[in-house]
file final-v1.cif (mmCIF, N, CA and C atoms)
data_coords
loop_
_atom_site.label_atom_id
_atom_site.label_comp_id
_atom_site.auth_asym_id
_atom_site.auth_seq_id
_atom_site.Cartn_x
_atom_site.Cartn_y
_atom_site.Cartn_z
N MET G 117 -20.32 -72.20 26.00
CA MET G 117 -20.70 -73.33 26.83
C MET G 117 -22.20 -73.58 26.75
N VAL G 118 -22.99 -72.53 26.80
CA VAL G 118 -24.45 -72.69 26.79
C VAL G 118 -24.90 -73.31 25.47
N THR G 119 -24.24 -72.99 24.36
CA THR G 119 -24.66 -73.55 23.08
C THR G 119 -24.21 -75.00 22.91
N GLN G 120 -23.12 -75.41 23.60
CA GLN G 120 -22.66 -76.79 23.48
C GLN G 120 -23.28 -77.71 24.52
N VAL G 121 -23.36 -77.28 25.76
CA VAL G 121 -23.90 -78.12 26.84
C VAL G 121 -25.43 -78.10 26.82
N LYS G 122 -26.04 -76.97 26.56
CA LYS G 122 -27.48 -76.78 26.45
C LYS G 122 -28.24 -77.23 27.71
N PRO G 123 -27.90 -76.68 28.90
CA PRO G 123 -28.60 -77.09 30.12
C PRO G 123 -29.93 -76.35 30.29
N ASN G 124 -30.73 -76.34 29.25
CA ASN G 124 -32.01 -75.63 29.31
C ASN G 124 -33.09 -76.49 28.66
N PRO G 125 -34.36 -76.19 28.98
CA PRO G 125 -35.47 -76.94 28.36
C PRO G 125 -35.39 -76.85 26.83
N GLY G 126 -35.54 -77.98 26.19
CA GLY G 126 -35.43 -78.03 24.73
C GLY G 126 -34.00 -78.29 24.28
N GLY G 127 -33.04 -78.17 25.19
CA GLY G 127 -31.64 -78.47 24.89
C GLY G 127 -31.35 -79.88 25.33
N ASN G 128 -30.55 -80.01 26.38
CA ASN G 128 -30.24 -81.32 26.96
C ASN G 128 -31.21 -81.52 28.12
N ASP G 129 -32.33 -82.17 27.85
CA ASP G 129 -33.39 -82.31 28.86
C ASP G 129 -32.93 -83.06 30.11
N ALA G 130 -32.08 -84.08 29.94
CA ALA G 130 -31.61 -84.83 31.11
C ALA G 130 -30.76 -83.94 32.00
N LEU G 131 -29.85 -83.18 31.42
CA LEU G 131 -29.00 -82.28 32.21
C LEU G 131 -29.85 -81.16 32.83
N CYS G 132 -30.83 -80.70 32.12
CA CYS G 132 -31.74 -79.68 32.63
C CYS G 132 -32.48 -80.20 33.87
N ALA G 133 -32.91 -81.44 33.83
CA ALA G 133 -33.61 -82.03 34.98
C ALA G 133 -32.70 -82.10 36.20
N VAL G 134 -31.43 -82.47 36.01
CA VAL G 134 -30.48 -82.52 37.12
C VAL G 134 -30.24 -81.12 37.66
N LYS G 135 -30.12 -80.15 36.77
CA LYS G 135 -29.88 -78.75 37.16
C LYS G 135 -31.01 -78.24 38.05
N GLN G 136 -32.24 -78.66 37.80
CA GLN G 136 -33.39 -78.16 38.53
C GLN G 136 -33.54 -78.77 39.93
N LEU G 137 -32.86 -79.84 40.20
CA LEU G 137 -32.97 -80.50 41.50
C LEU G 137 -32.11 -79.79 42.54
N ASN G 138 -32.55 -79.80 43.80
CA ASN G 138 -31.68 -79.27 44.84
C ASN G 138 -30.71 -80.37 45.28
N ILE G 139 -29.78 -80.07 46.16
CA ILE G 139 -28.72 -81.01 46.52
C ILE G 139 -29.28 -82.31 47.10
N LEU G 140 -30.24 -82.23 48.01
CA LEU G 140 -30.81 -83.45 48.58
C LEU G 140 -31.49 -84.30 47.52
N ASP G 141 -32.20 -83.64 46.60
CA ASP G 141 -32.85 -84.38 45.52
C ASP G 141 -31.82 -85.08 44.64
N LYS G 142 -30.67 -84.44 44.39
CA LYS G 142 -29.63 -85.05 43.56
C LYS G 142 -29.09 -86.32 44.22
N HIS G 143 -28.94 -86.31 45.54
CA HIS G 143 -28.50 -87.52 46.23
C HIS G 143 -29.56 -88.61 46.13
N ARG G 144 -30.81 -88.23 46.29
CA ARG G 144 -31.90 -89.20 46.19
C ARG G 144 -32.00 -89.75 44.77
N LEU G 145 -31.78 -88.89 43.78
CA LEU G 145 -31.85 -89.29 42.38
C LEU G 145 -30.85 -90.40 42.06
N LEU G 146 -29.69 -90.33 42.68
CA LEU G 146 -28.64 -91.29 42.36
C LEU G 146 -28.72 -92.57 43.17
N LEU G 147 -29.71 -92.70 44.05
CA LEU G 147 -29.85 -93.91 44.85
C LEU G 147 -30.97 -94.78 44.29
N PRO G 148 -30.63 -95.98 43.79
CA PRO G 148 -31.69 -96.89 43.33
C PRO G 148 -32.59 -97.26 44.51
N LEU G 149 -33.86 -97.21 44.31
CA LEU G 149 -34.77 -97.42 45.43
C LEU G 149 -35.69 -98.61 45.30
N ILE G 150 -35.92 -99.11 44.09
CA ILE G 150 -36.84 -100.23 43.94
C ILE G 150 -36.24 -101.28 43.01
N THR G 151 -36.69 -102.50 43.17
CA THR G 151 -36.28 -103.57 42.27
C THR G 151 -37.52 -104.15 41.60
N TYR G 152 -37.35 -104.52 40.36
CA TYR G 152 -38.41 -105.12 39.55
C TYR G 152 -37.93 -106.51 39.22
N THR G 153 -38.63 -107.52 39.70
CA THR G 153 -38.15 -108.89 39.62
C THR G 153 -39.09 -109.79 38.84
N GLY G 154 -38.53 -110.67 38.04
CA GLY G 154 -39.30 -111.66 37.31
C GLY G 154 -38.47 -112.93 37.19
N ILE G 155 -38.95 -113.91 36.47
CA ILE G 155 -38.21 -115.16 36.25
C ILE G 155 -38.12 -115.38 34.75
N ASP G 156 -36.90 -115.52 34.26
CA ASP G 156 -36.68 -115.81 32.84
C ASP G 156 -36.38 -117.29 32.67
N GLY G 157 -36.93 -117.90 31.64
CA GLY G 157 -36.61 -119.29 31.30
C GLY G 157 -37.37 -120.34 32.08
N LEU G 158 -38.45 -119.98 32.74
CA LEU G 158 -39.27 -120.94 33.48
C LEU G 158 -39.99 -121.85 32.48
N GLU G 159 -39.83 -123.16 32.65
CA GLU G 159 -40.50 -124.13 31.79
C GLU G 159 -41.23 -125.15 32.65
N MET G 160 -42.50 -125.40 32.27
CA MET G 160 -43.30 -126.38 32.99
C MET G 160 -43.99 -127.31 31.99
N GLU G 161 -44.28 -128.48 32.47
CA GLU G 161 -45.04 -129.44 31.67
C GLU G 161 -46.45 -129.46 32.23
N ASN G 162 -47.44 -129.19 31.36
CA ASN G 162 -48.82 -129.17 31.85
C ASN G 162 -49.37 -130.59 32.01
N ASP G 163 -50.61 -130.70 32.44
CA ASP G 163 -51.20 -132.01 32.72
C ASP G 163 -51.45 -132.83 31.46
N ARG G 164 -51.27 -132.24 30.26
CA ARG G 164 -51.40 -132.98 29.00
C ARG G 164 -50.02 -133.35 28.43
N GLY G 165 -48.96 -133.07 29.19
CA GLY G 165 -47.60 -133.41 28.75
C GLY G 165 -46.98 -132.38 27.82
N GLU G 166 -47.62 -131.21 27.65
CA GLU G 166 -47.10 -130.17 26.77
C GLU G 166 -46.15 -129.25 27.54
N LEU G 167 -45.08 -128.85 26.89
CA LEU G 167 -44.11 -127.95 27.49
C LEU G 167 -44.64 -126.51 27.39
N VAL G 168 -44.68 -125.83 28.53
CA VAL G 168 -45.16 -124.45 28.59
C VAL G 168 -44.02 -123.59 29.10
N LYS G 169 -43.64 -122.59 28.29
CA LYS G 169 -42.59 -121.66 28.70
C LYS G 169 -43.23 -120.42 29.28
N GLU G 170 -42.77 -120.04 30.44
CA GLU G 170 -43.30 -118.87 31.16
C GLU G 170 -42.16 -117.91 31.47
N SER G 171 -42.51 -116.70 31.80
CA SER G 171 -41.50 -115.74 32.24
C SER G 171 -41.68 -115.41 33.72
N GLY G 172 -42.69 -115.95 34.33
CA GLY G 172 -42.97 -115.61 35.73
C GLY G 172 -43.50 -114.19 35.79
N SER G 173 -44.50 -113.94 36.55
CA SER G 173 -45.10 -112.60 36.61
C SER G 173 -44.14 -111.63 37.28
N PRO G 174 -43.72 -110.58 36.56
CA PRO G 174 -42.83 -109.58 37.18
C PRO G 174 -43.53 -108.89 38.34
N THR G 175 -42.76 -108.51 39.35
CA THR G 175 -43.34 -107.90 40.54
C THR G 175 -42.38 -106.88 41.14
N LEU G 176 -42.92 -105.93 41.85
CA LEU G 176 -42.13 -104.98 42.63
C LEU G 176 -42.07 -105.41 44.09
N ASN G 177 -42.71 -106.54 44.44
CA ASN G 177 -42.75 -107.02 45.82
C ASN G 177 -41.38 -107.52 46.26
N SER G 178 -41.14 -107.49 47.56
CA SER G 178 -39.90 -108.01 48.13
C SER G 178 -39.98 -109.53 48.23
N PRO G 179 -38.81 -110.21 48.28
CA PRO G 179 -38.83 -111.67 48.42
C PRO G 179 -39.43 -112.07 49.76
N PRO G 180 -39.87 -113.31 49.92
CA PRO G 180 -39.79 -114.40 48.95
C PRO G 180 -40.88 -114.26 47.88
N TRP G 181 -40.59 -114.80 46.69
CA TRP G 181 -41.53 -114.75 45.58
C TRP G 181 -42.13 -116.13 45.38
N TYR G 182 -43.40 -116.17 45.05
CA TYR G 182 -44.10 -117.44 44.83
C TYR G 182 -44.76 -117.42 43.46
N ILE G 183 -44.78 -118.58 42.82
CA ILE G 183 -45.49 -118.74 41.56
C ILE G 183 -46.47 -119.89 41.74
N ARG G 184 -47.71 -119.66 41.40
CA ARG G 184 -48.71 -120.71 41.50
C ARG G 184 -48.53 -121.69 40.34
N ILE G 185 -48.46 -122.96 40.67
CA ILE G 185 -48.35 -124.00 39.65
C ILE G 185 -49.61 -124.85 39.72
N PRO G 186 -50.33 -124.93 38.61
CA PRO G 186 -51.59 -125.70 38.62
C PRO G 186 -51.35 -127.17 38.99
N ASP G 187 -52.36 -127.77 39.58
CA ASP G 187 -52.29 -129.20 39.91
C ASP G 187 -51.99 -130.02 38.66
N GLY G 188 -51.12 -130.98 38.78
CA GLY G 188 -50.78 -131.85 37.67
C GLY G 188 -49.65 -131.31 36.79
N TRP G 189 -49.19 -130.09 37.02
CA TRP G 189 -48.09 -129.51 36.25
C TRP G 189 -46.77 -129.81 36.95
N HIS G 190 -45.70 -129.91 36.18
CA HIS G 190 -44.37 -130.21 36.73
C HIS G 190 -43.36 -129.19 36.19
N VAL G 191 -42.50 -128.72 37.06
CA VAL G 191 -41.46 -127.77 36.66
C VAL G 191 -40.33 -128.54 35.99
N LYS G 192 -39.99 -128.16 34.77
CA LYS G 192 -38.89 -128.78 34.03
C LYS G 192 -37.62 -127.94 34.14
N ASP G 193 -37.77 -126.62 34.13
CA ASP G 193 -36.64 -125.71 34.29
C ASP G 193 -37.13 -124.56 35.15
N LYS G 194 -36.54 -124.40 36.33
CA LYS G 194 -37.01 -123.36 37.25
C LYS G 194 -36.60 -121.96 36.83
N GLY G 195 -35.79 -121.83 35.77
CA GLY G 195 -35.42 -120.52 35.26
C GLY G 195 -34.49 -119.79 36.22
N LYS G 196 -34.29 -118.52 35.94
CA LYS G 196 -33.43 -117.69 36.77
C LYS G 196 -34.13 -116.37 37.05
N PRO G 197 -33.93 -115.84 38.26
CA PRO G 197 -34.55 -114.54 38.54
C PRO G 197 -33.88 -113.45 37.71
N SER G 198 -34.68 -112.52 37.24
CA SER G 198 -34.15 -111.35 36.55
C SER G 198 -34.55 -110.13 37.37
N ILE G 199 -33.57 -109.34 37.73
CA ILE G 199 -33.83 -108.21 38.61
C ILE G 199 -33.35 -106.94 37.93
N ALA G 200 -34.20 -105.94 37.90
CA ALA G 200 -33.83 -104.63 37.39
C ALA G 200 -33.91 -103.65 38.56
N ILE G 201 -32.87 -102.87 38.73
CA ILE G 201 -32.87 -101.85 39.78
C ILE G 201 -33.29 -100.54 39.13
N LEU G 202 -34.37 -99.98 39.64
CA LEU G 202 -34.97 -98.80 39.02
C LEU G 202 -34.99 -97.64 39.99
N PHE G 203 -35.06 -96.43 39.44
CA PHE G 203 -35.24 -95.25 40.28
C PHE G 203 -36.70 -95.17 40.68
N ASP G 204 -36.94 -94.69 41.89
CA ASP G 204 -38.29 -94.62 42.43
C ASP G 204 -39.05 -93.44 41.83
N GLU G 205 -40.34 -93.37 42.12
CA GLU G 205 -41.18 -92.28 41.65
C GLU G 205 -40.75 -90.97 42.31
N GLY G 206 -41.10 -89.87 41.67
CA GLY G 206 -40.78 -88.57 42.22
C GLY G 206 -39.46 -88.00 41.72
N THR G 207 -38.78 -88.72 40.85
CA THR G 207 -37.53 -88.22 40.27
C THR G 207 -37.71 -88.12 38.76
N PRO G 208 -36.89 -87.29 38.10
CA PRO G 208 -37.00 -87.18 36.64
C PRO G 208 -36.71 -88.50 35.91
N THR G 209 -36.00 -89.40 36.58
CA THR G 209 -35.65 -90.68 35.96
C THR G 209 -36.57 -91.80 36.42
N HIS G 210 -37.69 -91.47 36.97
CA HIS G 210 -38.59 -92.44 37.61
C HIS G 210 -38.84 -93.66 36.73
N HIS G 211 -38.60 -94.83 37.34
CA HIS G 211 -38.77 -96.16 36.75
C HIS G 211 -37.83 -96.46 35.59
N LEU G 212 -36.73 -95.71 35.45
CA LEU G 212 -35.71 -96.04 34.46
C LEU G 212 -34.65 -96.90 35.12
N ASN G 213 -33.96 -97.69 34.32
CA ASN G 213 -32.93 -98.59 34.83
C ASN G 213 -31.77 -97.79 35.40
N ALA G 214 -31.42 -98.07 36.66
CA ALA G 214 -30.39 -97.29 37.36
C ALA G 214 -29.03 -97.40 36.68
N ALA G 215 -28.61 -98.59 36.29
CA ALA G 215 -27.28 -98.77 35.71
C ALA G 215 -27.12 -97.97 34.42
N SER G 216 -28.10 -98.05 33.54
CA SER G 216 -27.97 -97.33 32.27
C SER G 216 -28.06 -95.82 32.48
N MET G 217 -28.88 -95.36 33.43
CA MET G 217 -28.98 -93.92 33.67
C MET G 217 -27.72 -93.38 34.31
N LEU G 218 -27.10 -94.15 35.22
CA LEU G 218 -25.84 -93.69 35.82
C LEU G 218 -24.75 -93.58 34.76
N GLU G 219 -24.75 -94.52 33.82
CA GLU G 219 -23.79 -94.44 32.71
C GLU G 219 -24.06 -93.18 31.87
N THR G 220 -25.32 -92.90 31.60
CA THR G 220 -25.68 -91.70 30.84
C THR G 220 -25.22 -90.44 31.58
N TYR G 221 -25.48 -90.36 32.87
CA TYR G 221 -25.06 -89.19 33.64
C TYR G 221 -23.53 -89.07 33.71
N SER G 222 -22.85 -90.19 33.74
CA SER G 222 -21.38 -90.17 33.73
C SER G 222 -20.86 -89.56 32.44
N VAL G 223 -21.42 -89.98 31.31
CA VAL G 223 -21.01 -89.44 30.01
C VAL G 223 -21.34 -87.95 29.92
N MET G 224 -22.54 -87.58 30.37
CA MET G 224 -22.93 -86.16 30.34
C MET G 224 -22.00 -85.32 31.20
N SER G 225 -21.64 -85.83 32.38
CA SER G 225 -20.74 -85.09 33.26
C SER G 225 -19.38 -84.90 32.61
N LEU G 226 -18.86 -85.95 31.99
CA LEU G 226 -17.57 -85.86 31.31
C LEU G 226 -17.63 -84.85 30.17
N GLN G 227 -18.68 -84.89 29.38
CA GLN G 227 -18.83 -83.94 28.28
C GLN G 227 -18.91 -82.50 28.79
N THR G 228 -19.63 -82.30 29.88
CA THR G 228 -19.74 -80.96 30.46
C THR G 228 -18.38 -80.47 30.96
N LEU G 229 -17.63 -81.35 31.62
CA LEU G 229 -16.28 -80.97 32.09
C LEU G 229 -15.35 -80.64 30.93
N GLU G 230 -15.44 -81.39 29.86
CA GLU G 230 -14.60 -81.12 28.69
C GLU G 230 -14.91 -79.75 28.10
N VAL G 231 -16.20 -79.39 28.07
CA VAL G 231 -16.58 -78.07 27.56
C VAL G 231 -16.03 -76.98 28.49
N LEU G 232 -16.19 -77.19 29.81
CA LEU G 232 -15.70 -76.21 30.78
C LEU G 232 -14.18 -76.06 30.69
N GLU G 233 -13.45 -77.16 30.49
CA GLU G 233 -11.99 -77.10 30.39
C GLU G 233 -11.53 -76.34 29.16
N SER G 234 -12.36 -76.28 28.13
CA SER G 234 -11.96 -75.59 26.91
C SER G 234 -11.99 -74.07 27.06
N PHE G 235 -12.54 -73.55 28.17
CA PHE G 235 -12.60 -72.10 28.39
C PHE G 235 -11.35 -71.60 29.04
#

call {"tool": "encode", "arguments": {"input": "final-v1.cif", "output": "structure tokens"}}
result
Amino acid sequence: MVTQVKPNPGGNDALCAVKQLNILDKHRLLLPLITYTGIDGLEMENDRGELVKESGSPTLNSPPWYIRIPDGWHVKDKGKPSIAILFDEGTPTHHLNAASMLETYSVMSLQTLEVLESF
């Protein structure tokens, strides 16, 4: 099991990080705590009639969100908000995308169980 699962430093680093956490930390690790928000597809026409494509400045701030639009500019496409749910600081997964990391931990857990079942 130790040679296949490798829950040690230099082996499976992600599993090693989970192993090192205490129970309360493991619960905190699995709870997304922050959101990173931006706007995709924002298009404005500047005062010279030129189309300007923006992404909106990404922020960790809570709503409502505001974007400064210069005088004489017009919004052509308000775009759509893009939100990423990330793990907070202080965890081994800090600032990684929660959905993809939970999928990774799910696969790792299944692989570990399969190894344990083979004994």

call {"tool": "atom_distance", "arguments": {"input": "final-v1.cif", "atom1": "atom CA of G:Gly157", "atom2": "atom C of G:Met217"}}
result
27.6 Å

call {"tool": "atom_distance", "arguments": {"input": "final-v1.cif", "atom1": "atom C of G:Pro197", "atom2": "atom N of G:Ser178"}}
result
13.6 Å

call {"tool": "residues_around", "arguments": {"input": "final-v1.cif", "residues": "G:His190", "least_positions_apart": "4", "cutoff": "7 Å", "atoms": "all atoms listed in the file", "output": "JSON, numbers by chain"}}
result
{"G": [159, 160, 161, 162, 163, 186]}

call {"tool": "atom_distance", "arguments": {"input": "final-v1.cif", "atom1": "atom C of G:Val223", "atom2": "atom N of G:Leu131"}}
result
9.9 Å

call {"tool": "closest_residue", "arguments": {"input": "final-v1.cif", "among": "G:Leu212, G:Ile155, G:Leu218, G:Val168", "to": "G:Ile199", "atoms": "all atoms listed in the file"}}
result
G:Ile155

call {"tool": "closest_residue", "arguments": {"input": "final-v1.cif", "among": "G:Asp129, G:Glu233, G:Glu170, G:Asp156", "to": "G:Lys196", "atoms": "all atoms listed in the file"}}
result
G:Asp156

call {"tool": "residues_around", "arguments": {"input": "final-v1.cif", "residues": "G:Leu158", "least_positions_apart": "5", "cutoff": "8 Å", "atoms": "only N, CA and C atoms", "output": "MDAnalysis selection string"}}
result
chainID G and resid 168:172 191:196

call {"tool": "axis_aligned_box", "arguments": {"input": "final-v1.cif", "around": "stretch 167-171 of chain G", "padding_each_side": "8 Å", "output": "lines of an AutoDock Vina configuration file"}}
result
center_x = -43.3
center_y = -122.1
center_z = 30.3
size_x = 19.7
size_y = 29.4
size_z = 22.8

call {"tool": "select_by_dssp", "arguments": {"input": "final-v1.cif", "residues": "stretch 158-198 of chain G", "states": "strand (DSSP E or B)", "output": "list of chain:residue names"}}
result
G:Leu158, G:Glu159, G:Met160, G:Glu161, G:Leu167, G:Val168, G:Lys169, G:Glu170, G:Thr175, G:His190, G:Val191, G:Lys192, G:Asp193, G:Lys196, G:Pro197, G:Ser198

call {"tool": "closest_residue", "arguments": {"input": "final-v1.cif", "among": "G:Asn124, G:Thr153, G:Ala200, G:Thr220", "to": "G:Asn177", "atoms": "only C-alpha atoms"}}
result
G:Thr153
